[in-house]
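Participant: Enclosed is the structure file my_file.txt (compact mmCIF, C-alpha atoms).
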```txt
# COMPACT_ATOMS: atom_id res chain seq x y z
CA MET S 22 138.97 121.83 94.63
CA SER S 23 136.05 119.49 95.33
CA ARG S 24 136.85 115.79 95.74
CA ALA S 25 135.05 112.63 96.74
CA TYR S 26 135.09 112.06 100.50
CA TYR S 27 136.98 109.02 101.75
CA CYS S 28 138.70 107.67 104.83
CA THR S 29 141.66 105.33 104.89
CA VAL S 30 141.17 102.01 106.65
CA GLU S 31 143.76 103.14 109.18
CA GLU S 32 141.67 106.24 110.02
CA LEU S 33 138.48 104.19 110.28
CA ASN S 34 140.16 101.64 112.53
CA GLU S 35 141.43 104.40 114.84
CA ARG S 36 137.96 105.97 115.05
CA GLY S 37 136.34 102.66 115.94
CA ARG S 38 132.93 101.28 115.09
CA ASP S 39 131.17 103.67 117.49
CA ASN S 40 132.59 106.73 115.75
CA ILE S 41 131.91 106.07 112.06
CA PRO S 42 131.94 109.35 110.07
CA ASP S 43 128.54 110.74 109.11
CA GLN S 44 129.54 110.53 105.44
CA PHE S 45 129.31 106.73 105.73
CA ARG S 46 125.87 106.80 107.37
CA SER S 47 123.21 107.20 104.71
CA ASN S 48 120.60 108.45 107.20
CA MET S 49 122.79 111.48 107.96
CA HIS S 50 122.89 113.09 104.52
CA LEU S 51 121.25 113.29 101.13
CA ILE S 52 121.68 110.13 99.08
CA TYR S 53 123.56 110.38 95.81
CA SER S 54 121.88 107.90 93.49
CA SER S 55 124.55 107.56 90.88
CA PRO S 56 124.42 104.82 88.25
CA ALA S 57 126.68 102.92 90.64
CA THR S 58 123.99 102.81 93.32
CA LEU S 59 120.68 102.80 91.46
CA ALA S 60 120.97 99.06 91.07
CA PHE S 61 121.07 98.31 94.77
CA ASN S 62 120.34 101.16 97.17
CA SER S 63 116.58 100.79 96.92
CA PRO S 64 114.72 97.91 98.58
CA GLY S 65 113.06 97.48 95.18
CA ALA S 66 116.44 96.95 93.59
CA GLU S 67 117.39 94.81 90.65
CA GLY S 68 118.74 91.41 91.54
CA PHE S 69 116.87 90.18 94.61
CA GLY S 70 115.27 93.28 96.03
CA VAL S 71 112.05 93.02 98.04
CA LYS S 72 109.81 92.46 95.01
CA ARG S 73 111.62 89.52 93.52
CA ALA S 74 112.51 88.10 96.93
CA GLY S 75 108.86 88.20 97.96
CA LEU S 76 108.04 85.73 95.19
CA ALA S 77 110.53 83.10 96.34
CA VAL S 78 107.68 80.92 97.67
CA PRO S 79 106.60 78.57 94.85
CA ASP S 80 103.31 79.46 93.12
CA SER S 81 103.07 82.82 94.92
CA ILE S 82 101.89 86.11 93.39
CA MET S 83 102.39 89.74 94.40
CA LEU S 84 100.13 92.79 94.51
CA ILE S 85 102.18 95.99 94.44
CA VAL S 86 100.51 98.84 96.32
CA ALA S 87 102.54 101.89 95.41
CA PRO S 88 102.56 105.19 93.54
CA GLY S 89 103.71 104.80 89.94
CA CYS S 90 107.16 106.24 90.71
CA CYS S 91 107.82 103.42 93.22
CA GLY S 92 106.38 100.62 91.14
CA ARG S 93 107.93 101.48 87.81
CA ASN S 94 111.14 99.51 88.28
CA THR S 95 109.09 96.31 88.54
CA SER S 96 108.50 96.39 84.80
CA LEU S 97 112.00 95.00 84.18
CA ILE S 98 111.44 92.13 86.60
CA SER S 99 107.95 91.30 85.38
CA SER S 100 109.29 90.94 81.85
CA MET S 101 111.34 87.92 83.02
CA ARG S 102 109.63 84.72 81.92
CA GLU S 103 109.53 83.11 85.37
CA TYR S 104 107.52 86.07 86.71
CA ASP S 105 104.87 86.07 84.01
CA ASN S 106 101.39 86.61 85.57
CA ARG S 107 102.88 86.91 89.07
CA PHE S 108 103.06 90.70 89.50
CA PHE S 109 99.92 92.83 89.78
CA TYR S 110 99.43 96.53 90.48
CA LEU S 111 96.76 98.35 92.48
CA MET S 112 95.62 101.42 90.57
CA MET S 113 95.97 104.43 92.90
CA ASP S 114 95.51 108.15 92.54
CA GLU S 115 96.58 111.05 94.74
CA THR S 116 93.31 111.10 96.65
CA ASP S 117 93.69 107.40 97.49
CA ILE S 118 97.06 108.08 99.07
CA VAL S 119 96.06 111.26 100.92
CA THR S 120 92.89 109.76 102.40
CA GLY S 121 94.14 106.19 102.81
CA ARG S 122 91.10 104.83 100.95
CA HIS S 123 93.37 102.59 98.87
CA LEU S 124 93.52 100.28 101.89
CA LYS S 125 89.84 99.38 101.48
CA LYS S 126 90.50 98.43 97.85
CA ILE S 127 93.25 95.92 98.63
CA PRO S 128 91.13 92.93 99.83
CA LYS S 129 88.77 93.28 96.83
CA ALA S 130 91.73 93.59 94.45
CA VAL S 131 93.30 90.42 95.88
CA GLU S 132 89.98 88.59 95.43
CA GLU S 133 89.66 89.75 91.81
CA ILE S 134 93.21 88.70 90.98
CA CYS S 135 92.80 85.23 92.49
CA ASN S 136 89.50 84.69 90.68
CA SER S 137 91.09 85.68 87.36
CA LEU S 138 93.89 83.10 87.56
CA ASP S 139 93.61 79.59 86.17
CA LYS S 140 95.49 78.21 89.17
CA LYS S 141 95.00 79.45 92.72
CA PRO S 142 98.22 80.92 94.14
CA SER S 143 99.87 79.41 97.22
CA VAL S 144 100.18 82.82 98.87
CA VAL S 145 99.56 86.46 97.96
CA MET S 146 102.37 88.85 98.91
CA ILE S 147 101.32 92.50 99.27
CA CYS S 148 104.23 94.84 98.65
CA ILE S 149 103.88 98.34 100.09
CA THR S 150 106.21 101.34 100.08
CA CYS S 151 107.27 104.34 102.16
CA VAL S 152 103.86 105.95 101.53
CA ASP S 153 102.24 103.45 103.90
CA ALA S 154 105.15 103.68 106.30
CA LEU S 155 104.42 107.40 106.64
CA LEU S 156 100.67 106.76 106.90
CA GLY S 157 101.24 104.22 109.66
CA THR S 158 99.28 101.52 107.81
CA ASP S 159 98.46 98.38 109.80
CA MET S 160 99.28 96.03 106.95
CA GLU S 161 98.79 92.90 109.05
CA ARG S 162 95.13 93.86 109.49
CA VAL S 163 94.71 94.56 105.77
CA CYS S 164 96.19 91.14 104.99
CA ARG S 165 93.76 89.45 107.38
CA LYS S 166 90.86 91.14 105.57
CA ALA S 167 92.22 89.87 102.24
CA GLU S 168 92.54 86.35 103.68
CA GLU S 169 88.87 86.44 104.71
CA LYS S 170 87.93 87.37 101.14
CA THR S 171 89.99 84.67 99.41
CA GLY S 172 90.59 81.87 101.88
CA LEU S 173 94.29 82.06 100.93
CA PRO S 174 97.29 83.13 103.01
CA VAL S 175 98.17 86.80 102.43
CA ARG S 176 101.45 88.24 103.72
CA PRO S 177 102.98 91.74 103.72
CA CYS S 178 106.39 92.66 102.42
CA TYR S 179 107.66 96.13 103.10
CA MET S 180 109.62 98.04 100.49
CA TYR S 181 110.47 100.73 103.02
CA ALA S 182 113.68 102.57 102.19
CA LEU S 183 113.01 104.55 105.39
CA THR S 184 113.75 101.50 107.54
CA ARG S 185 116.98 100.51 105.83
CA GLU S 186 119.09 101.48 108.87
CA GLY S 187 116.51 100.23 111.39
CA ARG S 188 116.32 97.10 113.50
CA LYS S 189 114.42 95.19 110.83
CA PRO S 190 115.32 96.46 107.32
CA PRO S 191 113.19 95.44 104.30
CA MET S 192 115.38 92.53 103.26
CA VAL S 193 115.32 91.14 106.81
CA HIS S 194 111.53 91.42 107.06
CA VAL S 195 110.86 89.81 103.68
CA ARG S 196 112.89 86.77 104.73
CA GLN S 197 110.67 86.43 107.79
CA SER S 198 107.51 86.67 105.68
CA LEU S 199 108.71 83.95 103.31
CA TYR S 200 108.93 81.34 106.05
CA SER S 201 105.90 82.46 108.07
CA LEU S 202 103.67 80.00 106.16
CA LEU S 203 105.42 76.93 107.57
CA GLU S 204 103.57 74.94 110.22
CA PRO S 205 104.98 72.74 113.01
CA THR S 206 105.45 69.14 111.99
CA LYS S 207 107.43 66.06 112.97
CA LYS S 208 111.19 66.58 112.60
CA LYS S 209 113.51 64.37 110.57
CA GLY S 210 117.11 64.00 111.72
CA ASN S 211 118.54 63.91 108.19
CA VAL S 212 116.98 67.15 106.86
CA VAL S 213 118.53 70.63 106.90
CA ASN S 214 117.46 74.02 105.51
CA LEU S 215 119.89 76.52 104.01
CA LEU S 216 118.66 80.03 104.81
CA GLY S 217 120.08 83.27 103.52
CA PHE S 218 119.71 83.62 99.78
CA PHE S 219 116.77 83.78 97.37
CA SER S 220 118.61 81.76 94.74
CA PRO S 221 120.56 78.52 95.16
CA LEU S 222 124.23 78.08 95.89
CA VAL S 223 126.35 77.18 92.88
CA ASP S 224 125.81 73.52 92.02
CA ASP S 225 129.44 72.56 92.67
CA CYS S 226 129.57 74.13 96.15
CA GLU S 227 131.30 71.69 98.47
CA LEU S 228 128.80 72.42 101.28
CA TYR S 229 126.37 69.96 99.67
CA ASP S 230 128.97 67.17 99.65
CA LEU S 231 130.06 67.92 103.21
CA LEU S 232 126.52 67.80 104.57
CA HIS S 233 125.80 64.56 102.70
CA SER S 234 128.98 63.07 104.18
CA ALA S 235 127.65 64.00 107.65
CA GLY S 236 124.53 61.89 107.05
CA ILE S 237 122.23 64.66 105.84
CA LYS S 238 119.90 63.19 103.23
CA THR S 239 117.77 66.20 102.27
CA ILE S 240 119.05 69.78 101.88
CA HIS S 241 116.28 72.32 101.37
CA GLU S 242 116.70 75.74 99.76
CA ILE S 243 113.58 77.78 99.10
CA SER S 244 114.78 78.52 95.56
CA ARG S 245 115.04 74.80 94.74
CA CYS S 246 111.55 73.90 96.00
CA ARG S 247 109.59 72.74 92.96
CA ASP S 248 106.15 73.51 94.38
CA PHE S 249 104.34 74.66 97.50
CA GLU S 250 104.08 71.13 98.90
CA GLU S 251 107.85 70.74 98.82
CA TYR S 252 108.24 74.18 100.39
CA LYS S 253 106.07 73.04 103.33
CA THR S 254 108.45 70.15 104.05
CA MET S 255 111.07 72.70 105.16
CA SER S 256 109.38 72.53 108.58
CA GLU S 257 110.67 68.92 108.92
CA ALA S 258 114.29 70.09 109.21
CA ASN S 259 116.38 69.08 112.19
CA PHE S 260 118.34 72.34 112.02
CA ASN S 261 118.92 75.39 109.83
CA LEU S 262 122.15 76.74 108.42
CA VAL S 263 122.07 80.55 108.20
CA LEU S 264 124.37 81.64 105.37
CA HIS S 265 123.54 85.38 105.40
CA GLN S 266 123.12 87.58 108.48
CA GLU S 267 119.86 89.06 107.13
CA SER S 268 118.22 85.67 107.79
CA ARG S 269 118.85 85.72 111.54
CA PHE S 270 115.35 86.99 112.36
CA ALA S 271 113.84 84.30 110.13
CA ALA S 272 115.99 81.66 111.84
CA GLU S 273 114.90 82.92 115.27
CA ASP S 274 111.28 82.58 114.10
CA PHE S 275 112.01 78.99 113.07
CA ASN S 276 113.45 78.37 116.52
CA ASP S 277 110.54 79.99 118.38
CA ARG S 278 107.61 78.72 116.29
CA LEU S 279 108.86 75.43 114.87
CA LYS S 280 111.55 74.51 117.43
CA ILE S 281 114.23 74.25 114.74
CA PRO S 282 117.63 75.50 116.00
CA PHE S 283 120.16 77.19 113.72
CA ILE S 284 123.88 77.48 113.11
CA GLU S 285 125.25 80.59 111.43
CA LEU S 286 128.02 80.49 108.83
CA ARG S 287 129.46 83.42 106.86
CA ARG S 288 130.26 83.78 103.19
CA LEU S 289 134.04 84.19 103.17
CA TYR S 290 136.79 84.50 100.59
CA GLN S 291 139.75 83.82 102.92
CA THR S 292 140.54 80.13 102.46
CA ASP S 293 142.00 79.71 105.96
CA LYS S 294 138.84 81.15 107.53
CA ILE S 295 136.61 78.99 105.32
CA GLN S 296 138.50 75.92 106.55
CA ASN S 297 138.17 77.01 110.19
CA GLN S 298 134.44 77.59 109.77
CA TYR S 299 133.86 74.16 108.24
CA GLN S 300 135.89 72.50 110.99
CA ALA S 301 133.77 74.27 113.61
CA LEU S 302 130.61 73.04 111.86
CA ALA S 303 131.96 69.49 111.74
CA SER S 304 132.69 69.66 115.45
CA VAL S 305 129.10 70.73 116.20
CA LEU S 306 127.75 67.90 114.02
CA GLY S 307 130.12 65.38 115.62
CA VAL S 308 131.83 64.44 112.35
CA SER S 309 135.00 65.30 110.44
CA PHE S 310 135.18 66.85 106.98
CA GLU S 311 137.75 66.09 104.28
CA LEU S 312 138.53 69.61 103.04
CA ASP S 313 141.94 69.39 101.37
CA LYS S 314 140.83 68.83 97.79
CA TYR S 315 138.36 71.74 97.89
CA ARG S 316 140.89 74.15 99.43
CA GLU S 317 143.64 73.07 97.03
CA ALA S 318 141.38 73.69 94.01
CA ALA S 319 140.55 77.18 95.27
CA GLU S 320 144.17 78.07 95.97
CA GLN S 321 145.25 76.71 92.60
CA ALA S 322 142.75 79.08 90.94
CA ILE S 323 144.33 81.97 92.85
CA GLU S 324 147.79 80.99 91.60
CA ASP S 325 146.55 80.57 88.04
CA PHE S 326 145.18 84.11 88.16
CA ARG S 327 148.42 85.43 89.67
CA LYS S 328 150.36 84.06 86.70
CA VAL S 329 148.36 86.15 84.21
CA CYS S 330 148.01 89.24 86.44
CA PRO S 331 150.81 89.36 89.06
CA ASP S 332 150.42 93.13 89.55
CA ALA S 333 146.63 93.11 90.17
CA SER S 334 145.51 96.24 91.98
CA PHE S 335 141.83 95.99 92.91
CA ALA S 336 138.92 98.32 93.47
CA VAL S 337 136.35 96.31 95.43
CA GLY S 338 132.71 97.38 95.36
CA GLU S 339 129.69 96.42 97.44
CA CYS S 340 127.31 95.63 94.56
CA MET S 341 128.45 92.02 94.36
CA ASN S 342 128.12 88.65 96.06
CA GLY S 343 130.27 89.23 99.09
CA ASP S 344 131.26 91.60 101.88
CA PRO S 345 133.59 94.19 100.25
CA PHE S 346 135.76 94.49 103.36
CA GLU S 347 136.17 90.74 103.84
CA LEU S 348 136.92 90.25 100.13
CA ALA S 349 139.44 93.12 100.18
CA LEU S 350 141.14 91.51 103.17
CA ALA S 351 141.30 88.16 101.34
CA LEU S 352 142.88 89.80 98.28
CA LEU S 353 145.49 91.52 100.45
CA LYS S 354 146.30 88.26 102.21
CA TYR S 355 146.83 86.64 98.81
CA GLY S 356 149.43 89.31 98.03
CA PHE S 357 147.43 91.61 95.75
CA LYS S 358 146.92 95.35 96.18
CA VAL S 359 143.58 96.96 97.07
CA PRO S 360 143.79 100.77 96.74
CA GLU S 361 140.03 101.34 96.98
CA ILE S 362 136.91 99.89 98.60
CA TYR S 363 133.33 101.14 98.11
CA GLY S 364 131.16 100.13 101.02
CA THR S 365 128.50 100.94 103.56
CA ILE S 366 130.22 100.48 106.91
CA THR S 367 128.32 98.52 109.55
CA VAL S 368 129.26 96.63 112.69
CA GLU S 369 129.07 93.44 110.61
CA ASN S 370 131.95 94.38 108.31
CA PHE S 371 133.86 96.61 110.74
CA VAL S 372 135.38 93.45 112.23
CA TYR S 373 137.79 93.35 109.27
CA MET S 374 139.04 96.91 109.69
CA LYS S 375 141.90 96.17 112.10
CA GLN S 376 143.47 93.57 109.81
CA LEU S 377 142.96 95.79 106.76
CA ALA S 378 144.74 98.62 108.59
CA LEU S 379 147.69 96.35 109.35
CA LEU S 380 148.06 95.05 105.79
CA SER S 381 147.19 98.18 103.77
CA PRO S 382 146.66 101.26 105.98
CA GLU S 383 146.35 103.65 103.00
CA THR S 384 143.49 101.80 101.31
CA LYS S 385 140.75 104.37 100.68
CA VAL S 386 137.15 103.64 101.63
CA PHE S 387 134.41 105.53 99.76
CA SER S 388 130.66 105.59 100.36
CA ASN S 389 128.72 105.09 97.13
CA MET S 390 125.76 107.08 98.38
CA GLU S 391 127.68 110.11 99.70
CA PRO S 392 126.96 113.21 97.56
CA THR S 393 130.63 114.14 96.99
CA MET S 394 131.03 110.95 94.93
CA ILE S 395 129.90 113.14 92.05
CA TYR S 396 133.49 114.42 92.08
CA TYR S 397 135.13 110.99 92.08
CA ASP S 398 138.19 110.90 89.80
CA PRO S 399 139.73 107.50 88.99
CA ALA S 400 142.86 108.99 87.39
CA GLN S 401 145.13 108.72 90.45
CA SER S 402 143.70 105.55 91.95
CA GLY S 403 146.28 103.02 90.79
CA VAL S 404 143.47 100.53 90.14
CA ASN S 405 143.84 98.13 87.20
CA ILE S 406 141.02 95.61 87.87
CA THR S 407 137.63 95.81 89.59
CA ILE S 408 135.11 93.57 91.36
CA GLY S 409 131.48 94.70 91.70
CA LYS S 410 129.06 96.54 89.46
CA ASP S 411 129.68 99.82 91.30
CA ALA S 412 133.47 99.55 91.06
CA LEU S 413 133.11 98.77 87.36
CA TYR S 414 131.13 102.01 86.90
CA TYR S 415 133.89 104.11 88.48
CA HIS S 416 136.66 102.41 86.48
CA GLN S 417 135.15 101.88 83.07
CA ASN S 418 138.51 101.61 81.33
CA CYS S 419 139.70 98.73 83.52
CA PRO S 420 138.88 95.06 83.17
CA GLY S 421 136.21 94.26 85.71
CA LEU S 422 133.94 91.58 87.08
CA MET S 423 130.36 92.35 88.14
CA TRP S 424 130.18 89.22 90.33
CA ASN S 425 126.49 89.71 91.10
CA GLN S 426 125.01 86.65 89.41
CA ASP S 427 121.87 85.00 90.83
CA GLU S 428 123.51 81.67 91.69
CA GLN S 429 125.39 82.28 94.91
CA PRO S 430 129.13 81.60 95.21
CA TYR S 431 129.99 80.10 98.56
CA GLY S 432 132.90 78.45 100.34
CA PHE S 433 135.94 77.13 98.49
CA ALA S 434 133.86 76.80 95.31
CA GLY S 435 133.10 80.52 95.55
CA VAL S 436 136.79 81.42 95.81
CA ARG S 437 137.69 79.13 92.91
CA ARG S 438 134.94 80.51 90.70
CA LEU S 439 135.87 84.11 91.55
CA PHE S 440 139.48 83.74 90.46
CA GLU S 441 138.55 81.70 87.41
CA ALA S 442 136.21 84.53 86.39
CA LEU S 443 138.88 87.17 87.12
CA LYS S 444 141.37 85.28 84.96
CA GLU S 445 138.78 85.12 82.19
CA CYS S 446 138.05 88.87 82.29
CA ILE S 447 141.80 89.64 82.08
```
Mind converting the file's structure to structure tokens?

Facilitator:
Amino acid sequence: MSRAYYCTVEELNERGRDNIPDQFRSNMHLIYSSPATLAFNSPGAEGFGVKRAGLAVPDSIMLIVAPGCCGRNTSLISSMREYDNRFFYLMMDETDIVTGRHLKKIPKAVEEICNSLDKKPSVVMICITCVDALLGTDMERVCRKAEEKTGLPVRPCYMYALTREGRKPPMVHVRQSLYSLLEPTKKKGNVVNLLGFFSPLVDDCELYDLLHSAGIKTIHEISRCRDFEEYKTMSEANFNLVLHQESRFAAEDFNDRLKIPFIELRRLYQTDKIQNQYQALASVLGVSFELDKYREAAEQAIEDFRKVCPDASFAVGECMNGDPFELALALLKYGFKVPEIYGTITVENFVYMKQLALLSPETKVFSNMEPTMIYYDPAQSGVNITIGKDALYYHQNCPGLMWNQDEQPYGFAGVRRLFEALKECI
């Protein structure tokens, strides 16, 4: 009988990070684009895929250079009010693609778009797809030609699914492009940039209060910049805080070009680890943080949830705001069960495997994109609540939380909000 392929966390831990099964490596097999994965396995995904992320710079616009099949999912995004008159498409036919003549049309198209707008854009992002990856297009050169035509900065963003497992995946490269417009300027000791997300942290995140208590006056996030002039002041920062590993390359660029160093923090759901991370940050900054009230509020939310659902048995997906393996470990530490995890295993999240194997060795790990997931059967899972859009798809008869909102949960506030939302969905 056919069944969905999985490994237990114990098996994965024994194999080690250098011997991950091919079923968990999407470049080793056909990709199963189930409804669980269509939302996120493409670089043009909903949420903040390359297209939406590329417009994070205030007053920017985007020209999409792609066959119709690649550009079609932009229609949903462009219908959102904040993206009105910001997405444009280059008309292409088969001959354009085969001969590469579409590349000569791009500078003229950019010029026409800019001339048609009432307000000149701050930057034009040119989004290209796997077609140009296969053609070997020198997009930097094309952008320079477009800059000569318009006198405006033009930057590439690559919606290359082919490079997803490479050294610089699409979501890493687009983060670099976003900050490439910043120029060196005089630094201010009381300014910091938060790098990592394309939308702001939740307003009640304690990180804001903690940084203010350390003497930081201005906290920049690209998503909170009101206009291009404010965006440019990000180059005044004394240091950057990297909150998502996909921003490391961008942070290294800041360090090399603008001489702004960075400190990396992780998004965590284990309250003890959050506390340790904040204490390490305080030590680097030469201050001390008062953390008790934030941790107590988070842990009280966990207990409030436990009262209404003491037998919670989770399926944790990867289509949500968090690392599925770290979140699963947090839930196990809090005394809940986690029979199933859906995740793409990388070195980044493999660090949690040893502890998961100690606490719940029989937890099953599935790969959303592995073709045998077509046979997945939830009947024997033992799951009664889910986190993540993908987990919700597999367990449609269970209460579940998508947890993929634009505003980013982080720190103790993220833990508190998660368990408040779980309590609400029960």

Participant: Go through S:Ala167, S:Ile406, S:Val195, S:Ile295 and flag the residue nearest Leu443 in chain S, using only C-alpha atoms for the distances.

Facilitator: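 Going through S:Ala167, S:Ile406, S:Val195, S:Ile295 one by one, the smallest distance to Leu443 in chain S is for S:Ile406.
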
Participant: Please build the interface table for range 100-159 of chain S against range 174-180 of chain S with a cut-off of 10 Å, listing for each qualifying residue the nearest atom pair and the distance in Å to one decimal; count all atoms listed in the file, order rows by chain and increasing number, and write it as JSON lines.

Facilitator:
```
{"residue": "S:Pro128", "atom": "CA", "partner": "S:Val175", "partner_atom": "CA", "distance": 9.7}
{"residue": "S:Val131", "atom": "CA", "partner": "S:Val175", "partner_atom": "CA", "distance": 8.9}
{"residue": "S:Pro142", "atom": "CA", "partner": "S:Pro174", "partner_atom": "CA", "distance": 9.2}
{"residue": "S:Ser143", "atom": "CA", "partner": "S:Pro174", "partner_atom": "CA", "distance": 7.3}
{"residue": "S:Val144", "atom": "CA", "partner": "S:Pro174", "partner_atom": "CA", "distance": 5.1}
{"residue": "S:Val145", "atom": "CA", "partner": "S:Val175", "partner_atom": "CA", "distance": 4.7}
{"residue": "S:Met146", "atom": "CA", "partner": "S:Arg176", "partner_atom": "CA", "distance": 4.9}
{"residue": "S:Ile147", "atom": "CA", "partner": "S:Pro177", "partner_atom": "CA", "distance": 4.8}
{"residue": "S:Cys148", "atom": "CA", "partner": "S:Cys178", "partner_atom": "CA", "distance": 4.9}
{"residue": "S:Ile149", "atom": "CA", "partner": "S:Tyr179", "partner_atom": "CA", "distance": 5.3}
{"residue": "S:Thr150", "atom": "CA", "partner": "S:Met180", "partner_atom": "CA", "distance": 4.8}
{"residue": "S:Cys151", "atom": "CA", "partner": "S:Met180", "partner_atom": "CA", "distance": 6.9}
{"residue": "S:Val152", "atom": "CA", "partner": "S:Met180", "partner_atom": "CA", "distance": 9.8}
{"residue": "S:Asp153", "atom": "CA", "partner": "S:Tyr179", "partner_atom": "CA", "distance": 9.1}
{"residue": "S:Ala154", "atom": "CA", "partner": "S:Tyr179", "partner_atom": "CA", "distance": 8.6}
```

Participant: What separation in Å, quoted to one decimal, exists between CA of Lys238 in chain S and CA of Gly75 in chain S?

Facilitator: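 Taking CA of Lys238 in chain S and CA of Gly75 in chain S, their separation equals 27.8 Å.
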
Participant: Closest to Lys209 in chain S among S:Glu361, S:Glu257, S:Glu317, S:Glu273, using only C-alpha atoms?

Facilitator: S:Glu257

Participant: Restricting the calculation to all atoms listed in the file, which member of S:Lys294, S:Arg196, S:Lys375, S:Lys140 is positioned closest to Ile243 in chain S?

Facilitator: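 Result for the nearest residue to Ile243 in chain S: S:Arg196.
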
Participant: Contacts of Tyr252 in chain S at 12 Å or less, counting all atoms listed in the file, minus same-chain residues fewer than 5 places along, as a PyMOL selection string?

Facilitator: chain S and resi 77-81+143-144+199-204+214+240-247+257-258

Participant: With a distance cut-off of 9 Å and only C-alpha atoms, select the neighbouring residues of Gly403 in chain S, excluding the residue or stretch itself and same-chain residues fewer than 6 positions from it, and output the selection as a list of chain:residue names.

Facilitator: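 My list of contacting residues is S:Ser334, S:Phe335, S:Pro360, S:Glu361.
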
Participant: Grab the CA of Ser234 in chain S to CA of Ala303 in chain S distance for me, in Å with one decimal place.

Facilitator: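 Separating CA of Ser234 in chain S from CA of Ala303 in chain S is a distance of 10.4 Å.
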
Participant: With all atoms listed in the file as the atoms that count, which of S:Gln298, S:Ser388, S:Thr393, S:Gln417 lies nearest to Arg24 in chain S?

Facilitator: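 That would be S:Thr393, the residue with the smallest distance to Arg24 in chain S.
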
Participant: Kindly indicate which residue among S:Ala301, S:Ile366, S:Val404, S:Leu231 lies nearest to Met390 in chain S, using only C-alpha atoms for the distances.

Facilitator: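 The shortest atom-to-atom distance to Met390 in chain S comes from S:Ile366.
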
Participant: Quote the spacing between CA of Glu428 in chain S and CA of Ala87 in chain S in Å to one decimal place.

Facilitator: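 Going from CA of Glu428 in chain S over to CA of Ala87 in chain S covers 29.4 Å.
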
Participant: Under the rule that only C-alpha atoms are counted, which of S:His123, S:Lys72, S:Lys410, S:His265 is the nearest residue to Glu339 in chain S?

Facilitator: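 Closest to Glu339 in chain S, using only C-alpha atoms: S:Lys410.
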
Participant: Could you give me, as a list of chain:residue names, the residues within 7 Å of Ile408 in chain S, counting only C-alpha atoms and dropping anything in the same chain fewer than 5 positions from it?

Facilitator: S:Ala336, S:Val337, S:Gly338, S:Leu413, S:Gly421, S:Leu422, S:Met423, S:Trp424

Participant: Within 12 Å of Val359 in chain S, counting all atoms listed in the file, which residues show up once you throw out same-chain ones fewer than 6 positions away? Write them as a PyMOL selection string, please.

Facilitator: chain S and resi 29-30+332-338+345-353+377-378+380-386+402-408

Participant: If we count all atoms listed in the file, what is near Glu441 in chain S at a cut-off of 8 Å, once residues fewer than 6 positions away on the same chain are taken out, given as a ChimeraX atom specification?

Facilitator: /S:322-323,326
